[in-house]
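Below is one structure, written out as structure tokens; the observations come after it.
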Amino acid sequence: MSRRVFLVHGWGGYPNEGWFPWLKQVLEQDGFTVIAPQLPETNTPHISLWVPALAQAVGVADEETYFVGHSMGCQAIARYIATLPADVRVGGAVFVAGFFKSLTNLEKGEEPAIANEWLSAPINLEGVRDRLPKSVALFSDNDRFVPTENQEAFRDVLKSKIIVKQAMGHFSGSEGTMALPEVREAILEMAGHVS
């Protein structure tokens with residue numbers, strides 16, 4: 001089996017957004033198979049659609065399967081991993097601007113209702129941790145959507161290594177983030193890749 005990395009976009013995102021094309025290219029050069037699925041109804045994401053779509057894209061997960069998520073994509077990854085059989089382990093995950101606790105600066109209308117579904121639906125993070133031996137969570141000190149309190153679940157429950165970057169916003173292409181070397185380095189380290 002080849003080592004696979006799944007790039008999971010966020011709310012309103014798509015596979016060629018921001019730093020995903022750069023990451024896909026460099027990880028393929030590092031010998032990984034990189035898959036960036038388009039999740040359904042990206043502007044109105046629902047757990048009931050996103051988690052099965054990710055499961056279908058992955059097929060059979062194993063210790064050679066890695067994940068990189070951005071924003072709501074981090075939630076989708078964790079919720080997918082929580083559905084795996086208890087004896088399955090994945091290789092690792094890198095969570096970029098992930099959240100379980102709160103989101104801020106959402107526009108009025110349906111946005112708060114969409115966010116509330118993801119924030120309030122139960123998730124067994126201990127079960128995720130059992131299946132996810134290695135993870136890194138990347139945050140920015142000026143992310144207008146993901147406040148710093150979201151670091152707690154990653155650090156304390158998932159036992160993720162926490163990296164806080166300065167002035168990176170929400171790590172979006174629209175904010176100028178077109179490469180994230182820390183993500184590549186994290187995947188290489190998890191995979192025991194000697195560069």
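Here's how to read the names in the structure tokens: chain A, B, ... by the order shown, residue numbers from 1 in each chain, ligand numbers from 1 in the order shown.
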With region 108-121 of chain A as the partner and 12 Å as the cut-off, tabulate the residues of region 134-194 of chain A that qualify, each row holding the nearest pair of atoms and their distance in Å to one decimal, using only C-alpha atoms, sorted by chain and rising number, as a tab-separated table.
residue	atom	partner	partner_atom	distance
A:Phe145	CA	A:Ala115	CA	11.0
A:Val146	CA	A:Ala115	CA	11.7
A:Asn150	CA	A:Leu119	CA	11.0
So that I have them on file, write out the residues from the current selection with C-alpha atoms, as a compact mmCIF listing (two decimals), in the first residue's frame.
# COMPACT_ATOMS: atom_id res chain seq x y z
CA PHE A 145 -12.86 32.88 13.01
CA VAL A 146 -11.03 30.42 15.30
CA ASN A 150 -10.03 25.94 20.40
Listing only residues of region 102-162 of chain A within 8 Å of region 75-91 of chain A, what is the closest atom pair and its distance in Å (to one decimal) for each, using only C-alpha atoms, sorted by chain and residue number ascending, as a tab-separated table?
residue	atom	partner	partner_atom	distance
A:Trp118	CA	A:Gln75	CA	7.5
A:Ile123	CA	A:Arg79	CA	6.6
A:Asn124	CA	A:Ala82	CA	6.5
A:Leu125	CA	A:Ala82	CA	7.4
A:Gly127	CA	A:Ala82	CA	5.8
A:Val128	CA	A:Ala82	CA	4.9
A:Asp130	CA	A:Arg89	CA	7.6
A:Arg131	CA	A:Arg89	CA	4.4
A:Leu132	CA	A:Val90	CA	5.7
A:Pro133	CA	A:Gly91	CA	7.1
A:Lys134	CA	A:Gly91	CA	7.0
Pull N, CA and C atoms from the residues just selected and write them as a compact mmCIF listing (two decimals), in the first residue's frame.
# COMPACT_ATOMS: atom_id res chain seq x y z
N TRP A 118 -22.08 21.78 13.70
CA TRP A 118 -20.75 21.19 13.87
C TRP A 118 -20.24 21.37 15.30
N ILE A 123 -19.10 14.44 19.60
CA ILE A 123 -17.98 13.75 18.96
C ILE A 123 -17.12 13.13 20.05
N ASN A 124 -16.77 11.88 19.86
CA ASN A 124 -15.96 11.15 20.84
C ASN A 124 -14.48 11.40 20.56
N LEU A 125 -13.95 12.49 21.11
CA LEU A 125 -12.55 12.83 20.84
C LEU A 125 -11.59 11.82 21.44
N GLY A 127 -12.12 8.65 21.45
CA GLY A 127 -12.10 7.61 20.43
C GLY A 127 -11.26 8.00 19.23
N VAL A 128 -11.30 9.28 18.88
CA VAL A 128 -10.44 9.77 17.79
C VAL A 128 -8.98 9.60 18.19
N ASP A 130 -7.63 7.47 20.19
CA ASP A 130 -7.24 6.06 20.17
C ASP A 130 -6.85 5.60 18.77
N ARG A 131 -7.46 6.19 17.75
CA ARG A 131 -7.21 5.77 16.36
C ARG A 131 -6.18 6.66 15.67
N LEU A 132 -5.81 7.75 16.34
CA LEU A 132 -4.94 8.78 15.74
C LEU A 132 -3.71 8.98 16.65
N PRO A 133 -2.65 8.19 16.45
CA PRO A 133 -1.52 8.26 17.36
C PRO A 133 -0.70 9.55 17.26
N LYS A 134 -0.73 10.20 16.11
CA LYS A 134 0.09 11.39 15.91
C LYS A 134 -0.73 12.48 15.26
Original post:
CA of Gln25 (chain A) and CA of Leu54 (chain A), how far apart in Å?
Top reply: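 These atoms are spaced 20.9 Å apart.
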Subject >> Among the residues A:Leu39, A:Leu158, A:Leu49, A:Met178, the one that comes closest to Gly12 (chain A) [using only C-alpha atoms] >> reply: A:Leu39
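A straight line drawn from CA of Gln151 (chain A) to CA of Ile163 (chain A) is 9.6 Å long.
With only C-alpha atoms as the atoms that count, the residue of A:Gln56, A:Ala36, A:Glu17, A:His9 with the shortest distance to Gly98 (chain A) is A:His9.
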Original post:
What is the distance between CA of Ala97 (chain A) and CA of Asp30 (chain A), in Å to one decimal?
Top reply: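 Between these atoms lies a distance of 24.2 Å.
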Subject >> Residues flagged helix (DSSP H, G or I) by DSSP in chain A, as an MDAnalysis selection string >> reply: chainID A and resid 20:29 47:58 72:82 111:120 125:131 148:157 173:175 181:190
Original post:
Which is closest to Ser172 (chain A) among A:Ala191, A:Val34, A:Arg144, A:Glu41, if we use only C-alpha atoms?
Top reply: A:Arg144
Subject >> Proximity to Asn43 (chain A) - best of A:Leu23, A:Val5, A:Met72, A:Ala55, only C-alpha atoms >> reply: A:Met72
**OP:** Any chance you could list, as a count of residues only, the residues in region 21-185 of chain A that come up strand (DSSP E or B) when DSSP is run on the backbone?
**Re:** 25
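The smallest atom-to-atom distance between Glu185 (chain A) and any of A:Leu27, A:Phe154, A:Ala61, A:Gly69, using only C-alpha atoms, is found for A:Leu27.
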Subject >> Selected residue, from A:Ser48, A:Ser2, A:Gly173, A:Gly18, that lies nearest to Gly31 (chain A) when counting only C-alpha atoms >> reply: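 Nearest candidate to Gly31 (chain A) out of A:Ser48, A:Ser2, A:Gly173, A:Gly18: A:Ser2.
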